[in-house]
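The structure file entry-v1.txt is reproduced below (compact mmCIF, C-alpha atoms).
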# COMPACT_ATOMS: atom_id res chain seq x y z
CA GLY A 1 0.00 0.00 0.00
CA ALA A 2 0.89 3.64 -0.25
CA GLY A 3 1.05 4.38 3.46
CA VAL A 4 1.72 2.82 6.84
CA SER A 5 -1.08 0.42 7.73
CA GLN A 6 -2.01 -0.55 11.28
CA SER A 7 -4.47 -3.11 12.57
CA PRO A 8 -6.77 -3.35 14.31
CA ARG A 9 -7.94 0.25 14.31
CA TYR A 10 -9.67 -0.28 17.63
CA LYS A 11 -9.05 -2.87 20.31
CA VAL A 12 -10.94 -3.35 23.55
CA ALA A 13 -9.54 -5.80 26.08
CA LYS A 14 -10.16 -6.69 29.67
CA ARG A 15 -7.49 -5.94 32.23
CA GLY A 16 -5.03 -8.80 32.36
CA GLN A 17 -5.48 -9.95 28.77
CA ASP A 18 -2.67 -9.97 26.23
CA VAL A 19 -2.97 -7.91 23.04
CA ALA A 20 -1.05 -7.77 19.76
CA LEU A 21 -0.95 -4.74 17.48
CA ARG A 22 0.26 -4.97 13.90
CA CYS A 23 2.11 -2.50 11.69
CA ASP A 24 2.76 -2.74 7.95
CA PRO A 25 5.30 -0.03 7.06
CA ILE A 26 5.68 1.59 3.68
CA SER A 27 7.29 -0.94 1.35
CA GLY A 28 11.07 -0.67 1.35
CA HIS A 29 11.29 1.48 4.45
CA VAL A 30 14.25 0.47 6.57
CA SER A 31 13.31 2.18 9.81
CA LEU A 32 10.22 1.47 11.91
CA PHE A 33 9.11 3.22 15.07
CA TRP A 34 6.39 2.66 17.65
CA TYR A 35 4.92 5.55 19.64
CA GLN A 36 2.29 5.76 22.36
CA GLN A 37 -0.08 8.73 22.36
CA ALA A 38 -2.23 9.52 25.37
CA LEU A 39 -5.29 11.73 25.02
CA GLY A 40 -4.31 15.37 24.61
CA GLN A 41 -0.60 14.62 24.42
CA GLY A 42 1.96 14.27 21.69
CA PRO A 43 3.27 10.84 20.70
CA GLU A 44 5.94 9.35 22.96
CA PHE A 45 8.69 7.12 21.58
CA LEU A 46 8.56 3.44 22.50
CA THR A 47 10.98 1.54 20.29
CA TYR A 48 12.92 1.60 17.00
CA PHE A 49 13.84 -1.06 14.44
CA GLN A 50 16.38 -0.88 11.67
CA ASN A 51 15.31 -3.71 9.39
CA GLU A 52 14.85 -6.67 11.74
CA ALA A 53 17.13 -5.35 14.47
CA GLN A 54 15.59 -3.65 17.47
CA LEU A 55 18.17 -0.96 18.13
CA ASP A 56 16.37 0.97 20.84
CA LYS A 57 13.65 -0.13 23.23
CA SER A 58 14.31 2.49 25.87
CA GLY A 59 10.79 3.92 25.67
CA LEU A 60 8.93 0.71 26.45
CA PRO A 61 7.13 1.40 29.76
CA SER A 62 7.65 -2.03 31.30
CA ASP A 63 8.68 -5.60 30.56
CA ARG A 64 5.05 -6.31 29.69
CA PHE A 65 5.69 -4.55 26.38
CA PHE A 66 7.44 -6.46 23.63
CA ALA A 67 7.98 -5.61 19.96
CA GLU A 68 9.36 -7.61 17.06
CA ARG A 69 10.01 -7.26 13.35
CA PRO A 70 11.34 -10.70 12.42
CA GLU A 71 11.66 -10.26 8.65
CA GLY A 72 12.38 -6.57 8.56
CA SER A 73 8.96 -5.53 7.29
CA VAL A 74 5.81 -6.14 9.38
CA SER A 75 6.12 -5.39 13.08
CA THR A 76 4.05 -6.48 16.04
CA LEU A 77 3.76 -4.73 19.39
CA LYS A 78 2.60 -7.08 22.12
CA ILE A 79 1.37 -6.05 25.54
CA GLN A 80 1.03 -8.75 28.16
CA ARG A 81 -1.23 -8.64 31.22
CA THR A 82 -2.72 -5.32 30.14
CA GLN A 83 -3.43 -2.60 32.68
CA GLN A 84 -5.82 0.34 32.46
CA GLU A 85 -2.90 2.75 32.11
CA ASP A 86 -2.02 1.01 28.83
CA SER A 87 -5.11 2.61 27.25
CA ALA A 88 -3.83 4.92 24.51
CA VAL A 89 -3.37 5.20 20.77
CA TYR A 90 -0.38 3.22 19.53
CA LEU A 91 1.19 4.74 16.45
CA CYS A 92 3.60 3.14 14.05
CA ALA A 93 5.86 5.18 11.77
CA SER A 94 8.40 4.30 9.12
CA SER A 95 11.13 6.12 7.27
CA LEU A 96 13.01 5.25 4.12
CA ARG A 97 16.59 4.99 5.26
CA THR A 98 18.59 4.33 8.35
CA ALA A 99 17.20 6.75 10.84
CA ASN A 100 19.05 9.90 11.71
CA SER A 101 17.79 13.17 12.99
CA ASN A 102 16.92 14.49 9.53
CA GLN A 103 14.69 11.66 8.40
CA PRO A 104 10.96 12.40 8.11
CA GLN A 105 8.78 9.74 9.64
CA HIS A 106 5.46 8.74 8.10
CA PHE A 107 2.74 7.61 10.48
CA GLY A 108 -0.06 5.11 10.33
CA ASP A 109 -3.54 5.90 11.66
CA GLY A 110 -2.83 4.05 14.87
CA THR A 111 -4.57 1.48 17.02
CA ARG A 112 -6.80 2.86 19.76
CA LEU A 113 -6.47 0.49 22.71
CA SER A 114 -8.99 0.57 25.53
CA ILE A 115 -8.48 -1.57 28.62
CA LEU A 116 -11.59 -2.16 30.72
CA GLN B 1 10.98 21.95 32.19
CA LYS B 2 9.53 19.94 29.35
CA GLU B 3 11.81 19.15 26.44
CA VAL B 4 9.37 20.68 23.95
CA GLU B 5 6.88 23.38 24.93
CA GLN B 6 3.83 24.39 22.98
CA ASN B 7 0.80 26.42 23.97
CA SER B 8 -2.07 23.93 24.07
CA GLY B 9 -4.60 26.50 22.82
CA PRO B 10 -7.09 26.46 21.36
CA LEU B 11 -5.83 29.20 19.10
CA SER B 12 -8.87 30.66 17.37
CA VAL B 13 -8.47 32.76 14.21
CA PRO B 14 -10.96 33.92 11.58
CA GLU B 15 -10.87 32.48 8.10
CA GLY B 16 -8.30 34.27 5.94
CA ALA B 17 -6.14 35.39 8.88
CA ILE B 18 -2.57 34.36 9.67
CA ALA B 19 -2.23 31.69 12.34
CA SER B 20 1.03 31.73 14.30
CA LEU B 21 2.08 28.60 16.18
CA ASN B 22 5.09 28.62 18.46
CA CYS B 23 7.41 26.01 19.95
CA THR B 24 10.43 26.13 22.23
CA TYR B 25 12.79 23.25 22.88
CA SER B 26 15.45 22.51 25.45
CA ASP B 27 18.11 20.51 23.58
CA ARG B 28 20.61 22.87 21.98
CA GLY B 29 21.92 19.95 19.93
CA SER B 30 18.71 19.60 17.93
CA GLN B 31 19.50 19.76 14.23
CA SER B 32 16.18 19.23 12.52
CA PHE B 33 12.66 20.35 13.23
CA PHE B 34 9.38 18.97 12.01
CA TRP B 35 5.83 20.24 12.13
CA TYR B 36 3.08 17.64 12.02
CA ARG B 37 -0.65 18.26 11.64
CA GLN B 38 -3.02 15.86 13.36
CA TYR B 39 -6.75 15.79 12.78
CA SER B 40 -8.86 14.26 15.51
CA GLY B 41 -8.65 10.48 15.35
CA LYS B 42 -6.07 10.55 12.59
CA SER B 43 -2.34 10.06 12.36
CA PRO B 44 0.21 12.89 12.47
CA GLU B 45 0.92 14.18 8.96
CA LEU B 46 4.25 15.84 8.16
CA ILE B 47 3.70 19.33 6.77
CA MET B 48 7.04 21.10 7.20
CA SER B 49 10.65 20.38 8.01
CA ILE B 50 13.39 22.92 8.64
CA TYR B 51 17.07 22.47 9.36
CA SER B 52 18.69 25.92 9.11
CA ASN B 53 18.12 29.22 10.86
CA GLY B 54 15.72 31.52 9.05
CA ASP B 55 12.51 31.00 7.15
CA LYS B 56 11.31 28.21 4.92
CA GLU B 57 8.17 28.68 2.86
CA ASP B 58 5.95 26.04 1.29
CA GLY B 59 2.67 27.27 -0.10
CA ARG B 60 0.63 28.85 2.68
CA PHE B 61 3.03 27.53 5.34
CA THR B 62 6.19 29.21 6.61
CA ALA B 63 8.44 27.66 9.22
CA GLN B 64 10.82 29.91 11.14
CA LEU B 65 13.81 28.65 13.11
CA ASN B 66 16.04 30.44 15.60
CA LYS B 67 18.50 27.98 17.11
CA ALA B 68 20.09 30.60 19.38
CA SER B 69 16.73 31.22 21.01
CA GLN B 70 15.73 27.54 20.74
CA TYR B 71 12.54 28.61 19.06
CA VAL B 72 10.66 27.36 16.04
CA SER B 73 7.36 28.62 14.68
CA LEU B 74 4.84 27.83 11.99
CA LEU B 75 2.84 30.50 10.19
CA ILE B 76 -0.26 29.59 8.22
CA ARG B 77 -1.38 32.31 5.82
CA ASP B 78 -4.94 32.65 4.54
CA SER B 79 -6.16 30.18 7.17
CA GLN B 80 -8.97 27.89 6.11
CA PRO B 81 -11.48 25.95 8.26
CA SER B 82 -9.81 22.79 6.94
CA ASP B 83 -6.64 23.88 8.75
CA SER B 84 -8.41 23.30 12.07
CA ALA B 85 -6.35 20.57 13.72
CA THR B 86 -3.68 20.02 16.33
CA TYR B 87 -0.17 21.03 15.26
CA LEU B 88 2.70 19.08 16.78
CA CYS B 89 6.25 20.39 16.96
CA ALA B 90 8.98 17.71 16.92
CA PRO B 91 12.68 18.51 17.11
CA GLY B 92 15.07 15.78 15.99
CA MET B 93 17.40 15.45 18.93
CA ASP B 94 21.15 15.58 18.42
CA SER B 95 22.55 12.36 16.97
CA SER B 96 19.25 10.68 17.58
CA TYR B 97 16.43 9.36 15.48
CA LYS B 98 13.91 9.90 18.24
CA LEU B 99 11.35 12.58 17.67
CA ILE B 100 10.38 14.31 20.89
CA PHE B 101 6.93 15.75 20.38
CA GLY B 102 5.34 18.68 22.10
CA SER B 103 1.77 18.27 23.35
CA GLY B 104 0.52 20.20 20.35
CA THR B 105 -1.42 23.40 19.75
CA ARG B 106 -5.05 23.09 18.78
CA LEU B 107 -5.96 25.52 16.00
CA LEU B 108 -9.55 26.53 15.25
CA VAL B 109 -10.26 28.52 12.09
CA ARG B 110 -13.67 30.19 12.28
CA PRO B 111 -15.60 30.48 8.97
Just dump the structure as C-alpha cells.
Amino acid sequence: GAGVSQSPRYKVAKRGQDVALRCDPISGHVSLFWYQQALGQGPEFLTYFQNEAQLDKSGLPSDRFFAERPEGSVSTLKIQRTQQEDSAVYLCASSLRTANSNQPQHFGDGTRLSIL
Amino acid sequence: QKEVEQNSGPLSVPEGAIASLNCTYSDRGSQSFFWYRQYSGKSPELIMSIYSNGDKEDGRFTAQLNKASQYVSLLIRDSQPSDSATYLCAPGMDSSYKLIFGSGTRLLVRP
C-alpha cells in the first residue's frame, strides 16, 4: 500500500489480557518506530527497528511490552497482562533509510487500545 | 521543564487570517525540526521540516527557526477551516532518530 497500515484500528480488552498490534510499514522502508499517544498529548517514543534489528527499546514502559520485526517488514507490538494505564493510541511510523535526525517519519492511523 | 513546549490552545483565528504557532525546545543539539498536523482520530501528517536558521516557505506555510533562542514557529497564511487541527512540533534530537513531540497546539479557524 501507499502508506503505513495498522491493525486493528480499535481494540478493547479486559485488564489482564494480552494484546497484539500490527504495523505494515511503507514498502522498502528500513526504519520502523512505535509511539504511544495519550489523550491530549503528543506521541511518545517506545521503540525503533532498523530492518529486523531492534536498536532501541528504551521507551517501552515495562517488561510487559514487547515488539518484534522478524523479517524486517511487518512489526508487532505485544502487551502482556494489560493494565488500564495502557489505554492509549499506539502509532507506528516508518522512514526510508537508516534513521538519523533528519529523516521524516510517516505515520499510520494508529490502534486505539482501551483496557476495561 | 519539558523538552518541547507548545501552547495547548485552542488558538482561534478567523478564516483568511494568519495563524502563528510557536514552539520552544530545550536541547541545543537539535538539528532538525518537524511540524506535524493531526486531525482528531487521525495520524500525524508531516507538513514542514526545517534544518537551518531563518525562514522556509511552502505554499501557505512558513516555518521559522532560531537555534540561538531555541525557538521554532509555523505561520499559516490565509487560514482555512480545513486547517483546524492540532499542530505538533517535533525537534530531531542531536545524533538521535527519536522525535520528541510537544503536546501540540489546537488551532480553530472560524468560517
Fill in: atom CA of B:Ser103 to atom CA of A:Asp63, distance in Å rounded to a single decimal
25.9 Å
Fill in: Distance criterion (all atoms listed in the file): nearest to chain B out of A:Arg9, A:Arg69, A:Arg81, A:His29
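Among A:Arg9, A:Arg69, A:Arg81, A:His29, it is A:Arg9 that comes nearest to chain B.
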Worksheet entry | Distance-based interface of chain B with chain A, 9 Å, counting all atoms listed in the file, as a count of residues only | 30
Worksheet item: Could you name the residues that touch A:Ala67 at 8 Å or less, counting only C-alpha atoms, but leaving out those on the same chain fewer than 6 positions away, as an MDAnalysis selection string?
Response: chainID A and resid 47 75:78
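Atom CA of B:Thr105 is positioned 7.2 Å from atom CA of B:Leu21.
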Fill in: Test item: residues at most 8 Å from B:Leu11, all atoms listed in the file, excluding those fewer than 3 positions along its chain, as a list in words
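Surrounding residues, per the criterion: Thr105, Arg106, Leu107 and Leu108 of chain B.
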Discussion item. Using all atoms listed in the file and a cutoff of 7 Å, can you tell me which residues are near (14.8, 26.6, 13.4) in the file's coordinates, and write them out as a PyMOL selection string?
Written reply: chain B and resi 33+50-54+64-67+71-72
